[in-house]
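Participant: File data.txt below, compact mmCIF, C-alpha atoms and all ligand atoms:
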```
# COMPACT_ATOMS: atom_id res chain seq x y z
CA MET A 1 0.00 0.00 0.00
CA VAL A 2 2.76 2.43 1.00
CA GLN A 3 4.77 1.32 -2.02
CA LYS A 4 1.80 2.05 -4.31
CA GLN A 5 1.52 5.57 -2.88
CA ARG A 6 5.24 6.17 -3.50
CA GLN A 7 4.89 4.99 -7.10
CA ASP A 8 1.96 7.40 -7.65
CA ALA A 9 3.99 10.26 -6.19
CA ALA A 10 6.92 9.48 -8.46
CA ILE A 11 4.67 9.37 -11.55
CA ASN A 12 3.16 12.72 -10.55
CA ALA A 13 6.62 14.20 -10.08
CA LEU A 14 7.68 12.97 -13.53
CA ARG A 15 4.60 14.59 -14.98
CA MET A 16 5.40 17.87 -13.19
CA ILE A 17 9.13 18.14 -13.95
CA PRO A 18 9.13 18.23 -17.76
CA THR A 19 6.72 21.19 -17.89
CA LYS A 20 8.58 23.11 -15.19
CA TRP A 21 11.99 22.41 -16.69
CA ALA A 22 10.79 23.11 -20.20
CA VAL A 23 9.72 26.58 -19.10
CA ILE A 24 13.02 27.18 -17.29
CA ILE A 25 15.06 26.02 -20.30
CA VAL A 26 13.08 28.21 -22.73
CA VAL A 27 13.51 31.23 -20.46
CA ALA A 28 17.23 30.51 -20.11
CA ILE A 29 17.67 30.25 -23.91
CA ILE A 30 15.77 33.49 -24.53
CA GLY A 31 17.79 35.21 -21.82
CA TYR A 32 21.05 33.97 -23.33
CA VAL A 33 20.06 35.04 -26.86
CA LEU A 34 19.21 38.54 -25.64
CA LEU A 35 22.12 39.07 -23.28
CA GLN A 36 24.98 37.27 -25.07
CA PRO A 37 26.07 40.15 -27.37
CA GLN A 38 25.88 42.65 -24.50
CA ILE A 39 27.79 40.42 -22.08
CA ASN A 40 30.50 40.00 -24.73
CA LYS A 41 30.73 43.78 -25.19
CA TRP A 42 30.76 44.57 -21.51
CA PHE A 43 33.16 41.97 -20.28
CA GLY A 44 35.20 41.36 -23.43
CA LEU A 45 34.14 37.72 -23.51
CA SER A 46 33.44 35.72 -26.62
CA LEU A 47 30.46 33.62 -25.65
CA PRO A 48 29.17 31.87 -28.75
CA SER A 49 25.86 33.12 -30.08
CA VAL A 50 23.00 30.64 -30.38
CA ALA A 51 23.10 31.21 -34.15
CA SER A 52 26.75 30.18 -34.32
CA LEU A 53 25.93 27.04 -32.40
CA VAL A 54 23.18 26.25 -34.87
CA GLY A 55 25.03 26.93 -38.13
CA ASP A 56 27.06 29.25 -40.40
CA GLU A 57 24.26 30.73 -42.44
CA LYS A 58 22.48 31.98 -39.37
CA GLN A 59 25.74 33.30 -37.92
CA THR A 60 26.07 35.62 -40.92
CA SER A 61 22.66 37.03 -40.31
CA GLN A 62 23.58 37.44 -36.65
CA LYS A 63 26.63 39.49 -37.68
CA LYS A 64 24.46 41.63 -39.91
CA GLN A 65 22.12 42.18 -37.00
CA GLU A 66 25.00 43.16 -34.75
CA LYS A 67 26.24 45.62 -37.35
CA PHE A 68 22.77 47.10 -37.62
CA ASP A 69 22.60 47.37 -33.85
CA SER A 70 25.90 49.23 -33.71
CA ASN A 71 24.76 51.63 -36.44
CA GLU A 72 21.64 52.21 -34.49
CA LYS A 73 23.74 52.91 -31.41
CA THR A 74 25.83 55.52 -33.23
CA SER A 75 22.81 57.33 -34.51
CA THR A 76 21.25 57.21 -31.09
CA THR A 77 24.37 58.78 -29.62
CA LYS A 78 24.07 61.61 -32.11
CA ALA A 79 20.40 61.91 -31.35
CA ASP A 80 21.28 62.04 -27.68
CA SER A 81 23.57 64.98 -28.25
CA LYS A 82 20.70 66.73 -29.98
CA ALA A 83 18.41 65.73 -27.17
CA SER A 84 20.75 67.50 -24.82
CA LYS A 85 19.85 70.67 -26.68
CA ALA A 86 16.68 71.07 -24.73
CA ALA A 87 18.27 71.45 -21.44
CA THR A 88 21.13 69.63 -20.07
CA GLU A 89 23.66 71.96 -18.64
CA GLU A 90 25.57 69.59 -16.44
CA LYS A 91 26.60 72.14 -13.95
CA PRO A 92 27.48 70.28 -10.78
CA ASP A 93 29.41 73.18 -9.35
CA LYS A 94 26.66 75.66 -10.00
CA ASP A 95 23.59 76.62 -8.05
CA ASP A 96 21.07 73.88 -8.73
CA SER A 97 18.25 76.24 -8.04
CA VAL A 98 19.10 78.28 -11.10
CA ASN A 99 19.38 75.38 -13.48
CA LYS A 100 16.57 75.49 -15.96
CA ALA A 101 15.51 71.89 -15.94
CA PRO A 102 13.99 70.55 -19.10
CA THR A 103 10.24 70.39 -19.07
CA SER A 104 10.37 67.69 -21.69
CA GLN A 105 13.10 65.90 -23.55
CA PRO A 106 12.75 64.58 -27.04
CA ARG A 107 12.19 60.86 -26.76
CA VAL A 108 15.04 58.93 -28.23
CA SER A 109 14.53 55.31 -29.07
CA GLN A 110 16.96 53.04 -27.28
CA PRO A 111 18.79 50.39 -29.26
CA ARG A 112 17.30 47.00 -28.53
CA ASP A 113 20.40 45.60 -26.91
CA SER A 114 21.32 48.62 -24.85
CA GLN A 115 20.87 49.35 -21.20
CA PRO A 116 20.34 52.89 -19.96
CA ARG A 117 23.57 54.72 -20.81
CA ASP A 118 24.52 55.48 -17.26
CA SER A 119 24.35 51.87 -16.26
CA GLN A 120 27.00 50.90 -18.81
CA PRO A 121 30.44 50.32 -17.42
CA ARG A 122 32.53 53.27 -18.64
CA ASP A 123 35.68 51.30 -19.36
CA SER A 124 33.98 48.82 -21.60
CA GLN A 125 31.97 51.05 -23.90
CA PRO A 126 31.65 49.80 -27.43
CA ARG A 127 34.29 51.26 -29.69
CA ASP A 128 31.76 52.66 -32.11
CA SER A 129 30.15 54.92 -29.53
CA GLN A 130 31.42 58.49 -29.26
CA PRO A 131 33.39 59.33 -26.15
CA ARG A 132 31.21 61.17 -23.65
CA VAL A 133 33.66 64.04 -23.27
CA SER A 134 33.24 65.21 -26.84
CA GLN A 135 29.50 65.50 -26.50
CA PRO A 136 28.20 68.97 -25.86
CA THR A 137 26.59 69.05 -22.44
CA VAL A 138 25.17 72.46 -23.06
CA GLY A 139 22.19 73.09 -25.26
CA VAL A 140 23.95 73.85 -28.48
CA GLU A 141 23.07 73.00 -32.02
CA ARG A 142 25.70 71.51 -34.27
CA ASP A 143 25.75 71.75 -38.03
CA SER A 144 28.53 69.39 -39.05
CA GLU A 145 31.60 70.53 -37.09
CA LYS A 146 30.39 74.03 -36.22
CA VAL A 147 28.13 74.86 -33.34
CA HIS A 148 25.17 76.89 -34.58
CA GLY A 149 26.98 76.71 -37.92
CA PHE A 150 29.45 79.30 -36.66
CA LEU A 151 31.44 78.37 -33.55
CA THR A 152 34.36 75.97 -33.22
CA GLU A 153 34.64 73.82 -30.12
CA ILE A 154 37.96 74.60 -28.41
CA GLY A 155 37.46 72.72 -25.15
CA ARG A 156 34.85 71.17 -22.96
CA ASN A 157 31.78 73.36 -23.43
CA ARG A 158 33.93 76.17 -24.82
CA PHE A 159 33.32 77.50 -28.30
CA GLU A 160 35.18 80.14 -30.28
CA SER A 161 33.87 82.50 -32.95
CA PRO A 162 35.85 83.51 -36.06
CA ALA A 163 36.55 86.90 -34.43
CA GLY A 164 37.99 85.17 -31.35
CA LEU A 165 35.10 85.54 -28.91
CA VAL A 166 34.85 82.62 -26.53
CA TYR A 167 31.47 81.29 -25.40
CA GLY A 168 31.90 79.16 -22.31
CA PRO A 169 30.23 78.08 -19.08
CA GLY A 170 28.95 80.87 -16.88
CA SER A 171 25.95 83.04 -16.08
CA GLU A 172 22.75 82.10 -14.31
CA GLU A 173 21.77 79.85 -17.20
CA GLY A 174 24.99 77.85 -16.89
CA HIS A 175 26.38 78.74 -20.32
CA ARG A 176 26.84 82.02 -22.16
CA LEU A 177 25.10 80.63 -25.23
CA LYS A 178 22.07 79.82 -23.12
CA HIS A 179 22.19 83.28 -21.63
CA ILE A 180 22.21 85.17 -24.91
CA GLU A 181 19.45 82.91 -26.20
CA ARG A 182 17.18 84.90 -23.85
CA HIS A 183 17.65 87.83 -26.22
CA LEU A 184 16.04 85.98 -29.11
CA GLU A 185 12.61 86.62 -27.62
CA ASP A 186 10.81 89.28 -25.69
CA GLN A 187 10.21 89.09 -21.96
CA PRO A 188 7.31 91.54 -21.75
CA LYS A 189 6.97 91.23 -17.96
CA ARG A 190 10.63 91.92 -17.25
CA PRO A 191 11.16 95.37 -15.68
CA GLY A 192 13.14 97.87 -17.70
CA SER A 193 14.56 97.24 -21.17
CA HIS A 194 15.13 93.92 -22.82
CA GLY A 195 16.83 94.07 -26.21
CA VAL A 196 15.49 91.42 -28.57
CA PHE A 197 17.43 90.25 -31.62
CA GLU A 198 15.25 89.30 -34.57
CA GLY A 199 16.73 86.20 -36.14
CA ASP A 200 18.02 82.81 -35.15
CA MET A 201 21.04 81.94 -33.05
CA HIS A 202 23.31 81.71 -36.10
CA ALA A 203 22.37 85.21 -37.28
CA PHE A 204 22.77 86.54 -33.74
CA LEU A 205 26.28 85.07 -33.40
CA VAL A 206 27.26 86.52 -36.79
CA ALA A 207 25.96 89.96 -35.76
CA ILE A 208 27.79 89.78 -32.41
CA ASP A 209 31.04 88.90 -34.18
CA ASP A 210 30.55 91.71 -36.67
CA ALA A 211 29.87 94.29 -33.93
CA TYR A 212 32.78 93.02 -31.81
CA SER A 213 35.26 93.11 -34.71
CA ARG A 214 34.25 96.59 -35.85
CA ALA A 215 34.21 98.04 -32.34
CA LYS A 216 37.54 96.45 -31.49
CA SER A 217 39.05 98.06 -34.57
CA GLY A 218 37.49 101.40 -33.60
CA ASP A 219 35.45 101.65 -36.80
CA LYS A 220 33.02 104.50 -37.37
CA GLY A 221 29.77 104.10 -35.48
CA THR A 222 31.32 101.99 -32.73
CA LYS A 223 32.28 102.57 -29.11
CA LYS A 224 34.50 100.83 -26.59
CA ILE A 225 33.93 101.33 -22.87
CA GLN A 226 36.23 99.91 -20.21
CA ASP A 227 34.43 99.00 -17.00
CA GLU A 228 36.19 97.28 -14.10
CA GLY A 229 37.15 93.84 -15.42
CA SER A 230 34.89 93.96 -18.45
CA THR A 231 34.82 95.77 -21.78
CA ILE A 232 31.62 96.94 -23.43
CA TYR A 233 31.62 97.19 -27.22
CA GLU A 234 28.86 98.97 -29.08
CA ALA A 235 28.27 99.02 -32.82
CA SER A 236 25.59 100.46 -35.09
CA PHE A 237 23.97 98.61 -37.94
CA LYS A 238 22.44 100.16 -41.05
CA LYS A 239 19.14 98.39 -40.59
CA PRO A 240 17.24 97.37 -37.45
CA ILE A 241 18.53 94.14 -35.96
CA GLY A 242 15.80 93.77 -33.37
CA PHE A 243 13.44 95.67 -31.13
CA LEU A 244 13.12 96.96 -27.60
CA GLY A 245 11.28 94.50 -25.38
CA GLY A 246 10.60 94.19 -21.67
CA GLN A 247 8.21 96.50 -19.81
CA GLU A 248 10.04 99.54 -21.13
CA GLY A 249 9.79 98.28 -24.70
CA GLY A 250 6.10 97.55 -24.24
CA ARG A 251 5.47 101.08 -23.02
CA LYS A 252 7.26 102.47 -26.09
CA ARG A 253 5.48 100.04 -28.47
CA ASN A 254 8.60 97.99 -29.12
CA PRO A 255 10.63 100.38 -31.27
CA PRO A 256 13.20 98.87 -33.66
CA LEU A 257 16.84 98.82 -32.52
CA LYS A 258 19.88 99.31 -34.73
CA GLN A 259 22.74 98.92 -32.28
CA LEU A 260 24.34 95.96 -30.58
CA ARG A 261 26.06 95.97 -27.21
CA VAL A 262 28.62 93.24 -26.50
CA VAL A 263 30.02 92.77 -22.98
CA VAL A 264 33.21 90.74 -22.71
CA ARG A 265 35.69 89.84 -20.00
CA GLY A 266 39.06 89.18 -21.60
CA ASN A 267 37.92 87.51 -24.80
CA SER A 268 35.04 85.70 -23.11
CA LEU A 269 31.57 86.86 -23.98
CA ILE A 270 29.41 87.79 -21.00
CA THR A 271 26.33 89.03 -22.79
CA ALA A 272 25.15 90.71 -25.97
CA PHE A 273 21.88 92.36 -26.96
CA PRO A 274 20.43 95.00 -29.27
CA PHE A 275 19.82 98.42 -27.76
CA MET B 1 14.74 77.24 -9.36
CA ASN B 2 14.28 78.86 -5.96
CA SER B 3 10.88 78.92 -4.38
CA GLN B 4 11.18 82.69 -4.09
CA ASP B 5 11.78 82.95 -7.83
CA SER B 6 8.15 83.78 -8.46
CA LYS B 7 9.20 87.36 -7.69
CA ILE B 8 12.14 89.27 -9.08
CA ILE B 9 13.56 91.53 -6.41
CA TYR B 10 15.77 94.26 -7.80
CA VAL B 11 17.16 97.67 -6.96
CA GLU B 12 17.14 99.30 -10.40
CA SER B 13 18.04 98.77 -14.03
CA CYS B 14 21.77 98.39 -14.49
CA PRO B 15 23.56 101.73 -15.00
CA ILE B 16 26.43 99.90 -16.74
CA CYS B 17 24.75 97.78 -19.42
CA GLY B 18 21.23 99.20 -19.51
CA ASP B 19 19.45 95.89 -19.96
CA GLY B 20 20.27 94.10 -16.72
CA LEU B 21 18.53 94.23 -13.38
CA CYS B 22 20.62 94.93 -10.30
CA ARG B 23 19.46 92.14 -8.01
CA ILE B 24 20.45 91.00 -4.55
CA ARG B 25 22.69 87.98 -4.53
CA ILE B 26 23.02 86.05 -1.28
CA CYS B 27 26.03 83.99 -0.27
CA ILE B 28 25.78 81.55 2.60
CA SER B 29 29.21 80.33 3.54
CA ASN B 30 30.66 79.29 6.91
CA GLN B 31 27.29 80.08 8.54
CA LYS B 32 27.70 83.66 7.38
CA VAL B 33 25.13 85.35 5.18
CA THR B 34 26.43 88.03 2.83
CA GLY B 35 24.40 90.10 0.41
CA PHE B 36 25.66 92.09 -2.53
CA ILE B 37 24.21 93.58 -5.69
CA LEU B 38 24.70 91.81 -9.00
CA CYS B 39 23.53 92.77 -12.48
CA ASP B 40 21.89 89.68 -13.97
CA GLU B 41 23.04 90.72 -17.44
CA CYS B 42 26.58 92.15 -17.38
CA GLU B 43 27.55 90.83 -13.91
CA ALA B 44 28.60 94.21 -12.57
CA MET B 45 28.63 94.14 -8.75
CA TRP B 46 28.13 96.59 -5.93
CA THR B 47 28.57 96.13 -2.21
CA ASP B 48 25.05 97.36 -1.29
CA PRO B 49 21.81 98.71 -2.81
CA PHE B 50 23.00 102.30 -2.53
CA MET B 51 25.31 101.31 -5.35
CA GLN B 52 28.12 103.67 -4.49
CA GLU B 53 30.87 101.09 -4.22
CA ARG B 54 31.70 98.61 -6.96
CA VAL B 55 33.03 95.14 -6.26
CA PRO B 56 36.09 94.80 -8.50
CA THR B 57 36.32 91.95 -11.01
CA ASN B 58 39.30 90.78 -13.00
CA ALA B 59 39.40 90.51 -16.76
CA ASP B 60 40.76 86.97 -16.62
CA GLU B 61 37.92 85.53 -14.55
CA THR B 62 35.25 83.52 -16.23
CA ASP B 63 32.87 84.06 -13.33
CA PRO B 64 33.26 87.00 -10.95
CA GLN B 65 33.83 86.06 -7.34
CA CYS B 66 31.66 86.64 -4.31
CA PRO B 67 33.22 89.51 -2.30
CA SER B 68 32.86 87.42 0.87
CA CYS B 69 33.89 83.82 0.12
CA ARG B 70 35.70 84.39 -3.21
CA GLN B 71 33.73 81.61 -4.87
CA SER B 72 31.96 82.00 -8.20
CA ILE B 73 28.86 84.20 -8.01
CA TRP B 74 27.04 81.34 -9.74
CA GLY B 75 28.35 78.75 -7.27
CA LYS B 76 26.46 76.44 -4.95
CA ASN B 77 26.53 78.85 -2.01
CA MET B 78 24.73 81.55 -3.95
CA HIS B 79 21.14 82.41 -4.76
CA TRP B 80 18.93 85.42 -5.43
CA ALA B 81 17.60 86.92 -2.22
CA ASN B 82 14.04 86.30 -1.07
CA ILE B 83 11.98 88.92 0.75
CA GLY B 84 12.99 87.60 4.19
CA GLU B 85 16.65 87.83 3.37
CA VAL B 86 16.21 91.35 1.98
CA CYS B 87 14.57 92.38 5.28
CA LEU B 88 17.32 90.68 7.25
CA LEU B 89 19.90 92.73 5.37
CA GLY B 90 17.89 95.89 6.10
CA TRP B 91 17.55 96.62 2.38
CA PHE B 92 13.78 96.31 1.98
CA ASP B 93 13.24 100.03 1.38
CA GLN B 94 15.75 99.98 -1.46
CA VAL B 95 14.18 97.23 -3.55
CA GLN B 96 11.36 96.82 -6.03
CA MET B 97 9.48 93.64 -6.71
CA VAL B 98 7.82 92.22 -9.76
CA ASP B 99 6.27 88.85 -10.64
CA GLU B 100 8.61 86.78 -12.74
ZN ZN C 1 24.50 95.26 -16.21
ZN ZN C 2 30.40 83.96 -0.91
```
So, in terms of structure tokens, how does the structure I just supplied come out?
Facilitator:
Amino acid sequence: MVQKQRQDAAINALRMIPTKWAVIIVVAIIGYVLLQPQINKWFGLSLPSVASLVGDEKQTSQKKQEKFDSNEKTSTTKADSKASKAATEEKPDKDDSVNKAPTSQPRVSQPRDSQPRDSQPRDSQPRDSQPRVSQPTVGVERDSEKVHGFLTEIGRNRFESPAGLVYGPGSEEGHRLKHIERHLEDQPKRPGSHGVFEGDMHAFLVAIDDAYSRAKSGDKGTKKIQDEGSTIYEASFKKPIGFLGGQEGGRKRNPPLKQLRVVVRGNSLITAFPF
Amino acid sequence: MNSQDSKIIYVESCPICGDGLCRIRICISNQKVTGFILCDECEAMWTDPFMQERVPTNADETDPQCPSCRQSIWGKNMHWANIGEVCLLGWFDQVQMVDE
């Protein structure tokens, strides 16, 4: 009687095990297929792919897939640098309270085989990904090699104009480029004057360089004022380059402005705006 | 962003650059609270809201330094003053306020 019960229990166990183990094995295979390329990249191992264990033809398609994945990763990295445009001044040494946090970031699709970037071990990044250092951490737009189609990167978050003006970290916004961006639109509630440049960032940078060069050379219609550690350059333009904004501008019905004021310290730009 | 940032507290428009607002910058360092006036546009500085005495800056600095702790005016110890801090400094009568 006892023996019969044991036999029944054994038969039941045999019935149970295959299903349980089948599930475990399937999960393990799926896990291996998904994680194998990543584990190889991270730890420099060469675990064979499931495809290579199955046969040559499939291995080729696996390689193609890996190549596609790496392309995707490169383009995502570029997209990431554009995504940083919205906001990301990494300014650990600055007042957090003044950082303008992004309200929304463009969604960037993650490559299938990637983990969140910050969770990747730094010393084992795939060779095809761009080094983090070269990525702009400030919200700047790059057209090919030039930032805003005009500035050359000369160091981490430092950009130089053709006239030699340097745009680097600083100001309440965390970066001078971010600061002067405020002068591309009106702030009607802001007390006093707020000079607004009419045009995009590229046109603004070109105008700043033009005003700076002419004023530095002492051309007609320019002025140079020395003030403590900074120098203020002023230059006139033939046509209006913007208008007077802020509360003062509103009161005067936003008259057009034809002059540009450029404040520098050394050759670093502090601010620039029409007046 | 500071909680007090809903209001801009300022003394006057900047006499140096014309576009900036001369605002009260607070430094808290070594349990000492220091206030000074800073233009939010050209970064000109004064010791107090009477704006008689400038705080000197050097041409080679990227960021001007706090007159008290000599750290960057945009550093961690710094923020724009709130109304309480303005009162504490005894500068309330010298400031204007506007919604940001
Ligand atoms: Zn100023
Ligand atoms: Zn200080």
Participant: Distance CA of Val263 (chain A)-CA of Cys17 (chain B), one decimal place?
Facilitator: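 It comes out at 8.1 Å.
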Participant: Tell me which protein, DNA and RNA residues are within 7 Å of Tyr167 (chain A), counting only C-alpha atoms, leaving out same-chain ones fewer than 4 positions away, and put them as a list in words.
Facilitator: Arg158, Phe159, Glu160, Arg176, Leu177, Ser268 and Leu269 of chain A
Participant: Using only C-alpha atoms, determine which residues of chain B fall within 6 Å of chain A; present them as a PyMOL selection string.
Facilitator: chain B and resi 1-2+19+57-60+74-76
Participant: Could you please extract the residues within 6 Å of ligand ZN 2 (chain C), counting all atoms listed in the file, and hand them back as a list in words?
Facilitator: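 Final answer, ordered by chain and number: Cys27, Ser29, Cys66, Ser68, Cys69, Arg70 and Gln71 of chain B.
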Participant: Taking 2 positions as the minimum chain separation for residues in the same chain, which residues sit within 10 Å of region 84-89 of chain B when counting all atoms listed in the file? Answer as number ranges by chain.
Facilitator: B: 4, 9, 24-26, 33-36, 48, 80-82, 91-95
Participant: Kindly compile the residues surrounding ligand ZN 1 (chain C) within 9 Å, counting only C-alpha atoms and all ligand atoms, and format them as a list of chain:residue names.
Facilitator: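 The neighbouring residues of ligand ZN 1 (chain C) are, in order, B:Ser13, B:Cys14, B:Pro15, B:Ile16, B:Cys17, B:Gly18, B:Asp19, B:Gly20, B:Leu21, B:Cys22, B:Leu38, B:Cys39, B:Asp40, B:Glu41, B:Cys42, B:Glu43, B:Ala44, B:Met45.
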Participant: Return the single residue from A:Ile241, A:Ala235, A:Val147, A:Ile154 that is closest to Pro255 (chain A), with distances computed using only C-alpha atoms.
Facilitator: A:Ile241
Participant: Suppose you want the space between CA of His202 (chain A) and CA of Lys258 (chain A); what is it in Å?
Facilitator: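 Result for CA of His202 (chain A) versus CA of Lys258 (chain A): 18.0 Å, one decimal.
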Participant: Would you mind reading off the distance between CA of Pro162 (chain A) and CA of Pro240 (chain A), one decimal, in Å?
Facilitator: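 Calculated distance between CA of Pro162 (chain A) and CA of Pro240 (chain A) is 23.2 Å.
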Participant: N, CA and C atoms for region 10-22 of chain B, written as a compact mmCIF listing (two decimals), in the frame of the given file, could you do that?
Facilitator:
```
# COMPACT_ATOMS: atom_id res chain seq x y z
N TYR B 10 14.65 93.54 -7.21
CA TYR B 10 15.77 94.26 -7.80
C TYR B 10 15.83 95.69 -7.27
N VAL B 11 16.97 96.30 -7.44
CA VAL B 11 17.16 97.67 -6.96
C VAL B 11 16.80 98.65 -8.08
N GLU B 12 17.42 98.44 -9.24
CA GLU B 12 17.14 99.30 -10.40
C GLU B 12 17.71 98.65 -11.65
N SER B 13 17.42 99.25 -12.80
CA SER B 13 18.04 98.77 -14.03
C SER B 13 19.53 99.10 -13.98
N CYS B 14 20.32 98.26 -14.62
CA CYS B 14 21.77 98.39 -14.49
C CYS B 14 22.30 99.67 -15.17
N PRO B 15 23.00 100.51 -14.42
CA PRO B 15 23.56 101.73 -15.00
C PRO B 15 24.75 101.45 -15.93
N ILE B 16 25.27 100.24 -15.90
CA ILE B 16 26.43 99.90 -16.74
C ILE B 16 25.99 99.39 -18.11
N CYS B 17 25.10 98.40 -18.13
CA CYS B 17 24.75 97.78 -19.42
C CYS B 17 23.38 98.20 -19.93
N GLY B 18 22.53 98.72 -19.06
CA GLY B 18 21.23 99.20 -19.51
C GLY B 18 20.13 98.16 -19.54
N ASP B 19 20.47 96.92 -19.83
CA ASP B 19 19.45 95.89 -19.96
C ASP B 19 19.27 95.04 -18.71
N GLY B 20 20.31 94.98 -17.88
CA GLY B 20 20.27 94.10 -16.72
C GLY B 20 19.48 94.68 -15.56
N LEU B 21 19.14 93.80 -14.62
CA LEU B 21 18.53 94.23 -13.38
C LEU B 21 19.54 94.02 -12.26
N CYS B 22 19.69 95.05 -11.43
CA CYS B 22 20.62 94.93 -10.30
C CYS B 22 19.87 94.24 -9.16
```
